[in-house]
Amino acid sequence: MTTPTRPVLRPGTEILGFSDVGVTYPNATPALEGVDLRVGAGEFVSVLGPSGCGKSTLLGLASGLATHTDGYMQTGTDRVGYVFQDATLLPWRTVAQNVEMLAELDGIGKSERRQRAQEAIDLVGLSGFEQSLPRELSGGMKMRVSLARSMTLEPELFLFDEPFGALDEITRQRLGDELLELFAAKRFAGLFITHSVAEAVYLSTRVVVMSGRPGRIVHTIDVPFDVPRHPEVRYSADYINLVGEVSQALEEAH
């Protein structure tokens, strides 16, 4: 039996909210302090900051893998996708089997999860590689499998922990273009951790910059470019100026 199509949230519906959130580790080390952040449906928010400022901790809170010690936070959905820097594929499973895995663990029936997996594989451009094993794939293709795997759960909130950080620049840009196409089509809420200012500006509707530890949000910069976004925007004066503005904000945050 086919699972009914879930309703699409209206743009702006709050999906993720942090209010004065702080995290202090058991050894009394503060990781985050006074974090205020809202992410709505149809928003793609990238987070930049110095190493060790708590970016991954913020993502852990959003996913439920970490717990805050101060303040208040809420997630307006239980449909959460998570894409790590490592594709974390099972080497003995084919592309199709890896993509189906989360839907399988979620108890979705075989026919439905196969349909969802094929749709996701088609969306990320891996049609024809369904029976390939991970060892036969490039790094970029492995990340496409990881992305497709999360898409089978039809997430309303997508969390990205530097998913393209280990890839070469050309592959990274190509995957960024493809991720933007998916975002334009699905309009999920996205929270994206990266060390690349250019990547953050290109992908996002908004960029936030965090201070050094304990991490606080010290700058918020709206990105004015429309989505869908043509790759040539990377060469425009407005884009280059915005990259410079964000870079300066990041320098001040250290």
# chains A, B, ... in the order shown; residues from 1 in each chain; ligands from 1
>>> residues_around(residues="A:Val207", least_positions_apart="5", cutoff="9 Å", atoms="only C-alpha atoms", output="list in words")
Phe44, Val45, Ser46, Val47, Leu48, Ala200, Val201, His219, Thr220, Ile221, Asp222, Val223 and Val246 of chain A
>>> residues_around(residues="stretch 128-136 of chain A", least_positions_apart="2", cutoff="10 Å", atoms="only C-alpha atoms", output="ChimeraX atom specification")
/A:87-99,117-118,121-122,125-126,138-139,141-142,145
>>> atom_distance(atom1="atom CA of A:Pro50", atom2="atom CA of A:Ser211")
6.9 Å
>>> residues_around(residues="A:Leu179", least_positions_apart="3", cutoff="9 Å", atoms="only C-alpha atoms", output="PyMOL selection string")
chain A and resi 124+147+174-176+182-184+203
>>> atom_distance(atom1="atom CA of A:Leu123", atom2="atom CA of A:Gly64")
27.4 Å
>>> closest_residue(among="A:Thr171, A:Ala41, A:Ile217, A:Phe192", to="A:Ser19", atoms="only C-alpha atoms")
A:Ile217
>>> select_by_dssp(residues="stretch 45-227 of chain A", states="alpha helix (DSSP H)", output="VMD selection string")
chain A and resid 55 to 63 95 to 105 110 to 123 139 to 151 169 to 186 197 to 203
>>> residues_around(residues="A:Gln74", least_positions_apart="6", cutoff="7 Å", atoms="only C-alpha atoms", output="mmCIF file with C-alpha atoms, in the first residue's frame")
data_model
loop_
_atom_site.group_PDB
_atom_site.id
_atom_site.type_symbol
_atom_site.label_atom_id
_atom_site.label_comp_id
_atom_site.auth_asym_id
_atom_site.auth_seq_id
_atom_site.Cartn_x
_atom_site.Cartn_y
_atom_site.Cartn_z
ATOM 1 C CA LEU A 16 13.531 24.862 14.200
ATOM 2 C CA GLY A 17 13.860 27.374 17.028
ATOM 3 C CA PHE A 18 16.596 28.161 19.549
#
>>> residues_around(residues="A:Cys53", least_positions_apart="2", cutoff="10 Å", atoms="only C-alpha atoms", output="PyMOL selection string")
chain A and resi 30-32+48-51+55-58+210-216+254
>>> write_last_selection(atoms="N, CA and C atoms", output="compact mmCIF listing (two decimals), in the first residue's frame")
# COMPACT_ATOMS: atom_id res chain seq x y z
N PRO A 30 32.06 25.43 28.58
CA PRO A 30 30.91 25.94 27.83
C PRO A 30 31.13 25.80 26.33
N ALA A 31 30.15 25.25 25.63
CA ALA A 31 30.25 25.08 24.17
C ALA A 31 29.42 26.13 23.43
N LEU A 32 28.21 26.37 23.90
CA LEU A 32 27.32 27.36 23.31
C LEU A 32 26.77 28.27 24.39
N LEU A 48 28.64 29.49 9.86
CA LEU A 48 30.09 29.63 9.79
C LEU A 48 30.62 30.02 11.15
N GLY A 49 31.87 29.68 11.42
CA GLY A 49 32.49 30.09 12.67
C GLY A 49 33.84 29.44 12.84
N PRO A 50 34.65 29.94 13.77
CA PRO A 50 35.97 29.35 14.02
C PRO A 50 35.86 27.89 14.44
N SER A 51 36.91 27.14 14.20
CA SER A 51 36.93 25.74 14.66
C SER A 51 36.73 25.69 16.17
N LYS A 55 29.63 24.67 16.21
CA LYS A 55 28.75 24.48 15.04
C LYS A 55 28.15 23.07 15.03
N SER A 56 28.99 22.07 15.23
CA SER A 56 28.48 20.69 15.22
C SER A 56 27.59 20.41 16.42
N THR A 57 27.89 21.07 17.55
CA THR A 57 27.02 20.94 18.72
C THR A 57 25.64 21.47 18.40
N LEU A 58 25.57 22.61 17.69
CA LEU A 58 24.30 23.19 17.28
C LEU A 58 23.52 22.20 16.42
N MET A 210 29.18 32.53 13.84
CA MET A 210 29.31 32.30 15.27
C MET A 210 30.66 32.79 15.77
N SER A 211 30.69 33.18 17.02
CA SER A 211 31.92 33.60 17.67
C SER A 211 32.73 32.38 18.10
N GLY A 212 33.95 32.62 18.58
CA GLY A 212 34.72 31.55 19.21
C GLY A 212 34.04 31.07 20.47
N ARG A 213 34.50 29.95 20.98
CA ARG A 213 33.88 29.32 22.15
C ARG A 213 33.87 30.24 23.36
N PRO A 214 32.74 30.26 24.10
CA PRO A 214 31.48 29.57 23.80
C PRO A 214 30.77 30.23 22.63
N GLY A 215 30.28 29.40 21.72
CA GLY A 215 29.72 29.90 20.48
C GLY A 215 28.45 30.70 20.68
N ARG A 216 28.40 31.87 20.08
CA ARG A 216 27.22 32.73 20.04
C ARG A 216 27.04 33.21 18.60
N HIS A 254 36.49 35.91 15.26
CA HIS A 254 37.57 35.14 15.87
C HIS A 254 38.02 35.79 17.18
>>> residues_around(residues="A:Gly76", least_positions_apart="5", cutoff="12 Å", atoms="only C-alpha atoms", output="NGL selection string")
:A and (9 or 12-18 or 38-41 or 62-63 or 155-157 or 189)
>>> residues_around(residues="A:Gln115", least_positions_apart="4", cutoff="10 Å", atoms="only C-alpha atoms", output="JSON, numbers by chain")
{"A": [2, 100, 110, 111, 119, 120, 121, 152]}
>>> closest_residue(among="A:Val21, A:Gly244, A:Gly42, A:Pro163", to="A:Leu61", atoms="only C-alpha atoms")
A:Val21
>>> select_by_dssp(residues="stretch 32-249 of chain A", states="strand (DSSP E)", output="PyMOL selection string")
chain A and resi 32-40+44-48+70-75+80-83+157-161+189-193+206-210+217-222
>>> write_last_selection(atoms="C-alpha atoms", output="mmCIF file, in the first residue's frame")
data_model
loop_
_atom_site.group_PDB
_atom_site.id
_atom_site.type_symbol
_atom_site.label_atom_id
_atom_site.label_comp_id
_atom_site.auth_asym_id
_atom_site.auth_seq_id
_atom_site.Cartn_x
_atom_site.Cartn_y
_atom_site.Cartn_z
ATOM 1 C CA LEU A 32 27.321 27.365 23.306
ATOM 2 C CA GLU A 33 25.922 30.459 25.000
ATOM 3 C CA GLY A 34 22.805 32.523 24.369
ATOM 4 C CA VAL A 35 22.046 31.156 20.912
ATOM 5 C CA ASP A 36 18.935 32.590 19.253
ATOM 6 C CA LEU A 37 18.080 31.148 15.851
ATOM 7 C CA ARG A 38 14.928 30.439 13.858
ATOM 8 C CA VAL A 39 14.744 28.355 10.683
ATOM 9 C CA GLY A 40 11.500 28.234 8.745
ATOM 10 C CA PHE A 44 18.389 27.381 3.918
ATOM 11 C CA VAL A 45 20.644 28.645 6.701
ATOM 12 C CA SER A 46 24.404 28.118 6.672
ATOM 13 C CA VAL A 47 26.500 28.388 9.818
ATOM 14 C CA LEU A 48 30.093 29.625 9.791
ATOM 15 C CA ASP A 70 20.238 26.350 29.158
ATOM 16 C CA GLY A 71 17.459 28.096 27.293
ATOM 17 C CA TYR A 72 14.708 26.625 25.188
ATOM 18 C CA MET A 73 14.550 24.940 21.804
ATOM 19 C CA GLN A 74 11.912 23.240 19.721
ATOM 20 C CA THR A 75 11.727 21.281 16.485
ATOM 21 C CA VAL A 80 14.554 15.135 9.958
ATOM 22 C CA GLY A 81 17.264 14.206 7.456
ATOM 23 C CA TYR A 82 20.957 14.213 8.399
ATOM 24 C CA VAL A 83 23.877 14.167 5.966
ATOM 25 C CA LEU A 157 14.256 19.646 8.176
ATOM 26 C CA PHE A 158 17.564 18.747 6.524
ATOM 27 C CA LEU A 159 20.782 18.936 8.561
ATOM 28 C CA PHE A 160 24.159 18.984 6.798
ATOM 29 C CA ASP A 161 27.454 18.561 8.660
ATOM 30 C CA ALA A 189 14.236 23.806 5.941
ATOM 31 C CA GLY A 190 18.020 23.437 5.775
ATOM 32 C CA LEU A 191 20.761 23.953 8.376
ATOM 33 C CA PHE A 192 24.171 23.623 6.768
ATOM 34 C CA ILE A 193 27.541 23.614 8.568
ATOM 35 C CA ARG A 206 20.709 33.329 5.157
ATOM 36 C CA VAL A 207 24.190 33.002 6.658
ATOM 37 C CA VAL A 208 24.894 33.141 10.396
ATOM 38 C CA VAL A 209 28.358 33.637 11.849
ATOM 39 C CA MET A 210 29.313 32.300 15.271
ATOM 40 C CA ILE A 217 25.595 34.050 16.880
ATOM 41 C CA VAL A 218 27.250 37.403 16.269
ATOM 42 C CA HIS A 219 26.233 38.159 12.667
ATOM 43 C CA THR A 220 23.224 37.296 10.511
ATOM 44 C CA ILE A 221 23.414 38.117 6.803
ATOM 45 C CA ASP A 222 20.532 37.654 4.375
#
>>> closest_residue(among="A:Leu153, A:Glu252, A:Thr205, A:Leu137", to="A:Gly107", atoms="only C-alpha atoms")
A:Leu153
>>> atom_distance(atom1="atom CA of A:Glu232", atom2="atom CA of A:Ser150")
28.4 Å
>>> closest_residue(among="A:Glu104, A:Glu178, A:Asp78, A:Asp238", to="A:Arg149", atoms="only C-alpha atoms")
A:Glu104
>>> closest_residue(among="A:Met101, A:Leu180, A:Ala28, A:Ile170", to="A:His230", atoms="only C-alpha atoms")
A:Leu180
